[in-house]
Each structure stands twice: as structure tokens, then as C-alpha cells.
>>> print(open('start_29.cif').read())   # mmCIF, C-alpha atoms
data_coords
#
loop_
_atom_site.label_atom_id
_atom_site.label_comp_id
_atom_site.auth_asym_id
_atom_site.auth_seq_id
_atom_site.Cartn_x
_atom_site.Cartn_y
_atom_site.Cartn_z
CA MET H 80 32.14 -14.79 4.40
CA SER H 81 28.87 -13.69 2.84
CA LEU H 82 28.40 -10.60 0.75
CA ALA H 83 26.65 -7.67 2.36
CA PRO H 84 23.20 -6.93 0.96
CA LYS H 85 23.11 -3.76 -1.12
CA CYS H 86 20.24 -1.23 -0.97
CA PHE H 87 19.36 1.96 -2.82
CA ILE H 88 17.30 4.51 -0.88
CA SER H 89 14.75 6.37 -3.00
CA TYR H 90 13.15 9.38 -1.31
CA SER H 91 12.00 12.93 -1.93
CA HIS H 92 13.83 15.93 -0.50
CA ASP H 93 10.79 17.14 1.47
CA ASN H 94 12.81 19.32 3.88
CA GLU H 95 16.06 19.25 5.87
CA GLU H 96 14.48 17.32 8.77
CA HIS H 97 13.33 14.56 6.41
CA LYS H 98 16.72 14.42 4.66
CA LYS H 99 18.38 14.08 8.08
CA TRP H 100 15.98 11.24 9.04
CA VAL H 101 16.86 9.42 5.80
CA LEU H 102 20.59 9.97 6.43
CA ASN H 103 20.27 8.57 9.97
CA LEU H 104 18.41 5.50 8.69
CA ALA H 105 21.04 4.91 5.99
CA THR H 106 23.88 5.32 8.50
CA ARG H 107 22.31 2.79 10.86
CA LEU H 108 21.78 0.32 8.01
CA VAL H 109 25.47 0.59 7.09
CA LYS H 110 26.45 0.00 10.72
CA ASN H 111 24.27 -3.12 10.58
CA GLY H 112 26.02 -4.67 7.57
CA VAL H 113 24.04 -3.19 4.65
CA GLU H 114 25.81 -1.46 1.78
CA VAL H 115 23.67 1.61 1.06
CA ILE H 116 23.62 3.80 -2.04
CA LEU H 117 22.41 7.24 -1.00
CA ASP H 118 22.58 10.48 -2.95
CA GLN H 119 23.80 12.38 0.15
CA TRP H 120 26.97 10.23 0.07
CA ASP H 121 27.36 9.04 -3.47
CA LEU H 122 26.28 11.91 -5.72
CA THR H 123 28.86 14.65 -6.14
CA LEU H 124 28.54 18.17 -7.52
CA GLY H 125 28.60 17.93 -11.28
CA GLY H 126 27.61 14.27 -11.12
CA ASP H 127 25.19 12.80 -13.65
CA LEU H 128 21.90 12.44 -11.75
CA PRO H 129 20.09 10.15 -14.25
CA SER H 130 23.13 7.87 -14.46
CA PHE H 131 23.40 7.74 -10.65
CA MET H 132 19.75 6.67 -10.40
CA GLU H 133 19.90 4.15 -13.27
CA VAL H 134 23.09 2.42 -12.12
CA GLY H 135 22.14 2.58 -8.43
CA LEU H 136 18.70 1.08 -8.92
CA LYS H 137 19.93 -1.72 -11.19
CA GLU H 138 22.94 -2.93 -9.19
CA VAL H 139 21.28 -3.40 -5.79
CA ASP H 140 19.51 -6.28 -4.08
CA ARG H 141 16.75 -4.11 -2.59
CA VAL H 142 15.32 -0.63 -3.06
CA ILE H 143 13.82 1.17 -0.09
CA CYS H 144 11.22 3.69 -1.29
CA ILE H 145 10.53 6.14 1.52
CA CYS H 146 6.89 7.01 0.86
CA SER H 147 6.24 10.44 2.33
CA GLU H 148 3.26 12.42 1.07
CA THR H 149 5.59 14.34 -1.27
CA TYR H 150 7.21 11.14 -2.58
CA VAL H 151 3.82 9.58 -3.36
CA ALA H 152 2.59 12.73 -5.13
CA LYS H 153 5.77 13.02 -7.23
CA ALA H 154 5.76 9.32 -8.12
CA ASN H 155 2.11 9.39 -9.14
CA VAL H 156 2.60 12.31 -11.56
CA GLY H 157 6.12 11.33 -12.65
CA SER H 158 7.79 14.48 -11.35
CA GLY H 159 11.50 15.09 -10.74
CA GLY H 160 13.99 12.48 -9.59
CA VAL H 161 11.26 10.48 -7.86
CA GLY H 162 9.34 10.28 -11.15
CA TYR H 163 12.47 9.14 -12.98
CA GLU H 164 13.20 6.45 -10.38
CA LYS H 165 9.55 5.34 -10.55
CA MET H 166 9.92 4.90 -14.31
CA ILE H 167 13.01 2.69 -13.84
CA LEU H 168 11.37 0.64 -11.08
CA THR H 169 8.13 0.24 -13.03
CA SER H 170 10.11 -1.13 -15.96
CA GLU H 171 11.71 -3.68 -13.65
CA LEU H 172 8.31 -4.65 -12.21
CA MET H 173 6.98 -5.18 -15.73
CA ASP H 174 9.84 -7.62 -16.36
CA ASN H 175 9.16 -9.46 -13.08
CA ILE H 176 5.73 -8.70 -11.63
CA ASN H 177 6.47 -10.89 -8.57
CA SER H 178 9.67 -9.03 -7.71
CA GLU H 179 10.22 -8.42 -4.01
CA LYS H 180 13.12 -6.06 -4.67
CA ILE H 181 11.22 -2.92 -3.60
CA ILE H 182 10.41 -2.25 0.05
CA PRO H 183 7.93 0.61 0.51
CA LEU H 184 8.68 2.39 3.80
CA ILE H 185 6.00 4.80 5.08
CA LYS H 186 7.18 8.00 6.77
CA ARG H 187 5.65 11.52 7.02
CA ASN H 188 2.45 10.35 5.37
CA ASN H 189 -1.11 10.56 6.65
CA GLU H 190 -2.88 10.19 3.32
CA PRO H 191 -5.43 7.38 2.79
CA LYS H 192 -3.18 5.87 0.08
CA VAL H 193 0.29 5.69 1.65
CA THR H 194 2.13 4.32 -1.39
CA PRO H 195 2.31 5.46 -5.01
CA ILE H 196 0.05 3.65 -7.46
CA PHE H 197 2.92 1.52 -8.81
CA LEU H 198 3.60 0.14 -5.29
CA GLN H 199 0.05 -0.34 -4.02
CA THR H 200 0.25 -4.13 -4.34
CA LYS H 201 3.42 -4.29 -2.26
CA LEU H 202 3.51 -4.99 1.47
CA TYR H 203 5.01 -1.97 3.20
CA ILE H 204 6.70 -1.23 6.52
CA ASP H 205 5.37 1.63 8.64
CA PHE H 206 7.78 4.09 10.28
CA ARG H 207 5.20 6.80 11.07
CA ASN H 208 4.97 6.03 14.79
CA GLU H 209 8.23 7.02 16.49
CA THR H 210 7.39 4.91 19.58
CA LYS H 211 7.47 1.79 17.34
CA TYR H 212 10.64 2.79 15.49
CA GLU H 213 12.81 0.02 16.94
CA LYS H 214 10.26 -2.69 16.13
CA SER H 215 9.95 -1.38 12.56
CA TYR H 216 13.72 -1.09 12.19
CA LEU H 217 14.23 -4.66 13.41
CA ALA H 218 11.69 -5.95 10.87
CA LEU H 219 13.40 -3.95 8.09
CA ILE H 220 16.95 -5.07 8.89
CA LYS H 221 15.86 -8.71 9.20
CA GLU H 222 14.11 -8.51 5.82
CA ILE H 223 17.17 -6.98 4.14
CA HIS H 224 19.43 -9.68 5.59
CA GLY H 225 16.97 -12.44 4.62
CA GLU H 226 16.19 -13.44 8.19
CA SER H 227 12.70 -14.59 9.11
CA ILE H 228 10.80 -12.28 11.39
CA LYS H 229 8.95 -15.32 12.73
CA ALA H 230 10.39 -18.74 12.04
CA ARG H 231 8.05 -21.30 10.50
CA PRO H 232 7.55 -24.27 12.85
CA ALA H 233 8.61 -27.75 11.76
CA LEU H 234 5.90 -29.77 10.03
CA GLY H 235 4.39 -32.26 12.44
CA LYS H 236 3.11 -35.74 11.80
CA ASN H 237 -0.45 -36.27 10.52
CA PRO H 238 -2.48 -37.23 13.63
CA PHE H 239 -4.89 -39.28 11.49
CA GLU H 240 -2.23 -41.34 9.76
CA LYS H 241 -2.52 -45.03 10.58
CA SER H 242 0.65 -46.62 11.78
CA GLU H 243 1.57 -50.19 11.12
CA SER H 244 1.83 -52.47 14.07
CA PRO H 245 5.45 -53.25 14.92
CA ILE H 246 4.44 -56.91 15.37
CA ALA H 247 4.64 -58.91 12.14
#
>>> encode(input="start_29.cif", output="C-alpha cells")
Amino acid sequence: MSLAPKCFISYSHDNEEHKKWVLNLATRLVKNGVEVILDQWDLTLGGDLPSFMEVGLKEVDRVICICSETYVAKANVGSGGVGYEKMILTSELMDNINSEKIIPLIKRNNEPKVTPIFLQTKLYIDFRNETKYEKSYLALIKEIHGESIKARPALGKNPFEKSESPIA
């Protein structure tokens, strides 16, 4: 039996509709075999917010950063919880610049720069178009589980390679 991948969802509390969208995404991920750390489930009244973010971000396999316009703005100026999480993630990126731990997910964002500065070199997944939600979700869940979206074909034989005659 393999261990379930573990993800932390980093997002800004833009409004109740956005929080509900994040909750629905997290719930679906859990139903599809992903252990999710989400403030709406795991942070209790009186809980230590910085500790929750530090421990959550360090102990997971992947971090999904939901890059709404508000998230990007807060990350870029280092504001609030998003700014604190950005600081932790930036530190990790400085230790391993080639890290693929962070998955930028674009939602509620029509700005020219859809990710914060610290994530602009990272390939992102786009969830802005609701008609393509299932395709985006499939790509995300495959990535989290380490499954190829498109399998690489087997390497063929060199067509210019000379073959020895079977007759000695």
C-alpha cells in the first residue's frame, strides 16, 4: 500500500464564494486519495496561525497556491497570511531552486501577471474557465499522484544504424 500524497492549500480569503470553491476543491482532492491540509478544517479557534502555516508547509509533498488577484497582490507585498506563507516558500525555493513542490493554480485572476513574482518561473495550471474545470482537475490530480498526463513513447531503434549480416 502506498502512502497518500499530502498537500497544503495556500489561498487568500477573497470572499465567501472563493472560500467555498477552495473547500470544494480540497474535498474532491481528499475523495481522490490526497491528504489535504486546509485552514477551514485544520485551524481551530485559538490556534497558532504562524505555527499552522510553518508546520503545514514543511510537512507536505506539494503546495497548491491558488493565485487569485488578491493572493498575487498580497504575496507580492508580503501582506497577511499569504505574505507569511510566501516567505516560508521562498526560503524553501532558495534552498532548492529546482523544487517542483509548489503548484500555482490560477483562479479569479484576469491580471497580465497571474502568479506572484516568486512563482513566475513555475508552470501553472489554469482553473479560470469553468467549462474546462474537469480537464484542469484531471491534470492536477494526475500531477499530485505522480501520473504522467501523456506517457512518453518507448525509444525506437535508430533507422540509420547498420546491422550486421546474420551470415558469417
>>> residues_around(input="start_29.cif", residues="segment 228-244 of chain H", least_positions_apart="4", cutoff="10 Å", atoms="only C-alpha atoms", output="list in words")
Leu217, Ala218, Leu219, Ile220, Lys221 and Glu222 of chain H
>>> closest_residue(input="start_29.cif", among="H:Gly225, H:Gly135, H:Gly162, H:Pro84", to="Ile116 of chain H", atoms="only C-alpha atoms")
H:Gly135
>>> resolve_selection(input="start_29.cif", expression="the PyMOL selection byres ((chain H and resi 207) around 10)", output="short mmCIF file (atom, residue, chain, number, x, y, z; two decimals) with C-alpha atoms, keeping the file's coordinate frame")
data_model
loop_
_atom_site.label_atom_id
_atom_site.label_comp_id
_atom_site.auth_asym_id
_atom_site.auth_seq_id
_atom_site.Cartn_x
_atom_site.Cartn_y
_atom_site.Cartn_z
CA SER H 147 6.24 10.44 2.33
CA LEU H 184 8.68 2.39 3.80
CA ILE H 185 6.00 4.80 5.08
CA LYS H 186 7.18 8.00 6.77
CA ARG H 187 5.65 11.52 7.02
CA ASN H 188 2.45 10.35 5.37
CA ASN H 189 -1.11 10.56 6.65
CA ILE H 204 6.70 -1.23 6.52
CA ASP H 205 5.37 1.63 8.64
CA PHE H 206 7.78 4.09 10.28
CA ASN H 208 4.97 6.03 14.79
CA GLU H 209 8.23 7.02 16.49
CA THR H 210 7.39 4.91 19.58
CA LYS H 211 7.47 1.79 17.34
CA TYR H 212 10.64 2.79 15.49
CA SER H 215 9.95 -1.38 12.56
#
>>> closest_atom_pairs(input="start_29.cif", of="segment 135-240 of chain H", to="segment 86-94 of chain H", cutoff="7 Å", atoms="only C-alpha atoms", output="tab-separated table")
residue	atom	partner	partner_atom	distance
H:Gly135	CA	H:Phe87	CA	6.3
H:Leu136	CA	H:Phe87	CA	6.2
H:Val139	CA	H:Cys86	CA	5.4
H:Asp140	CA	H:Cys86	CA	6.0
H:Arg141	CA	H:Cys86	CA	4.8
H:Val142	CA	H:Phe87	CA	4.8
H:Ile143	CA	H:Ile88	CA	4.9
H:Cys144	CA	H:Ser89	CA	4.8
H:Ile145	CA	H:Tyr90	CA	5.0
H:Thr149	CA	H:Asp93	CA	6.5
H:Tyr150	CA	H:Ser91	CA	5.2
H:Val161	CA	H:Ser91	CA	6.5
>>> closest_residue(input="start_29.cif", among="H:Ser227, H:Pro129, H:Ile196, H:Ser170", to="Ala154 of chain H", atoms="all atoms listed in the file")
H:Ile196
>>> axis_aligned_box(input="start_29.cif", around="segment 137-141 of chain H", padding_each_side="3 Å", output="JSON")
{"center_x": 19.8, "center_y": -4.0, "center_z": -6.9, "size_x": 12.2, "size_y": 10.6, "size_z": 14.6}
>>> resolve_selection(input="start_29.cif", expression="the PyMOL selection byres ((chain H and resi 105) around 10)", output="list of chain:residue names")
H:Cys86, H:Phe87, H:Ile88, H:Lys99, H:Trp100, H:Val101, H:Leu102, H:Asn103, H:Leu104, H:Thr106, H:Arg107, H:Leu108, H:Val109, H:Lys110, H:Asn111, H:Val113, H:Glu114, H:Val115, H:Ile116, H:Leu117, H:Gln119, H:Trp120
>>> residues_around(input="start_29.cif", residues="Thr169 of chain H", least_positions_apart="6", cutoff="10 Å", atoms="all atoms listed in the file", output="PyMOL selection string")
chain H and resi 163+175-176+197-198
>>> write_last_selection(input="start_29.cif", atoms="C-alpha atoms", output="PDB file, in the coordinates of the input")
ATOM      1  CA  TYR H 163      12.470   9.140 -12.980  1.00  0.00           C
ATOM      2  CA  ASN H 175       9.160  -9.460 -13.080  1.00  0.00           C
ATOM      3  CA  ILE H 176       5.730  -8.700 -11.630  1.00  0.00           C
ATOM      4  CA  PHE H 197       2.920   1.520  -8.810  1.00  0.00           C
ATOM      5  CA  LEU H 198       3.600   0.140  -5.290  1.00  0.00           C
TER       6      LEU H 198
END
>>> atom_distance(input="start_29.cif", atom1="atom CA of Ser130 of chain H", atom2="atom CA of Asp174 of chain H")
20.5 Å
>>> atom_distance(input="start_29.cif", atom1="atom CA of Pro183 of chain H", atom2="atom CA of Leu202 of chain H")
7.2 Å
>>> atom_distance(input="start_29.cif", atom1="atom CA of Asp127 of chain H", atom2="atom CA of Glu164 of chain H")
14.0 Å
>>> closest_residue(input="start_29.cif", among="H:Val134, H:Leu168, H:His224, H:Ile181", to="Leu82 of chain H", atoms="all atoms listed in the file")
H:His224
>>> resolve_selection(input="start_29.cif", expression="the PyMOL selection byres ((chain H and resi 191-194) around 6)", output="list in words")
Cys146, Val151, Glu190, Pro195, Leu198 and Gln199 of chain H
>>> decode(input="start_29.cif", residues="segment 123-142 of chain H", atoms="C-alpha atoms", output="PDB file, in the first residue's frame")
ATOM      1  CA  THR H 123      -9.205  25.894  15.284  1.00  0.00           C
ATOM      2  CA  LEU H 124     -10.239  28.977  17.227  1.00  0.00           C
ATOM      3  CA  GLY H 125      -7.327  29.976  19.413  1.00  0.00           C
ATOM      4  CA  GLY H 126      -4.935  28.020  17.206  1.00  0.00           C
ATOM      5  CA  ASP H 127      -1.477  29.377  16.433  1.00  0.00           C
ATOM      6  CA  LEU H 128      -1.706  30.653  12.845  1.00  0.00           C
ATOM      7  CA  PRO H 129       2.055  31.029  12.164  1.00  0.00           C
ATOM      8  CA  SER H 130       2.722  27.549  13.555  1.00  0.00           C
ATOM      9  CA  PHE H 131      -0.088  26.068  11.437  1.00  0.00           C
ATOM     10  CA  MET H 132       1.428  27.602   8.297  1.00  0.00           C
ATOM     11  CA  GLU H 133       5.042  26.682   9.133  1.00  0.00           C
ATOM     12  CA  VAL H 134       4.327  23.059  10.041  1.00  0.00           C
ATOM     13  CA  GLY H 135       1.780  22.597   7.246  1.00  0.00           C
ATOM     14  CA  LEU H 136       4.049  23.940   4.522  1.00  0.00           C
ATOM     15  CA  LYS H 137       7.077  21.926   5.661  1.00  0.00           C
ATOM     16  CA  GLU H 138       5.465  18.508   6.133  1.00  0.00           C
ATOM     17  CA  VAL H 139       3.715  18.167   2.763  1.00  0.00           C
ATOM     18  CA  ASP H 140       4.720  16.769  -0.608  1.00  0.00           C
ATOM     19  CA  ARG H 141       3.099  19.579  -2.609  1.00  0.00           C
ATOM     20  CA  VAL H 142       1.737  23.070  -2.003  1.00  0.00           C
TER      21      VAL H 142
END
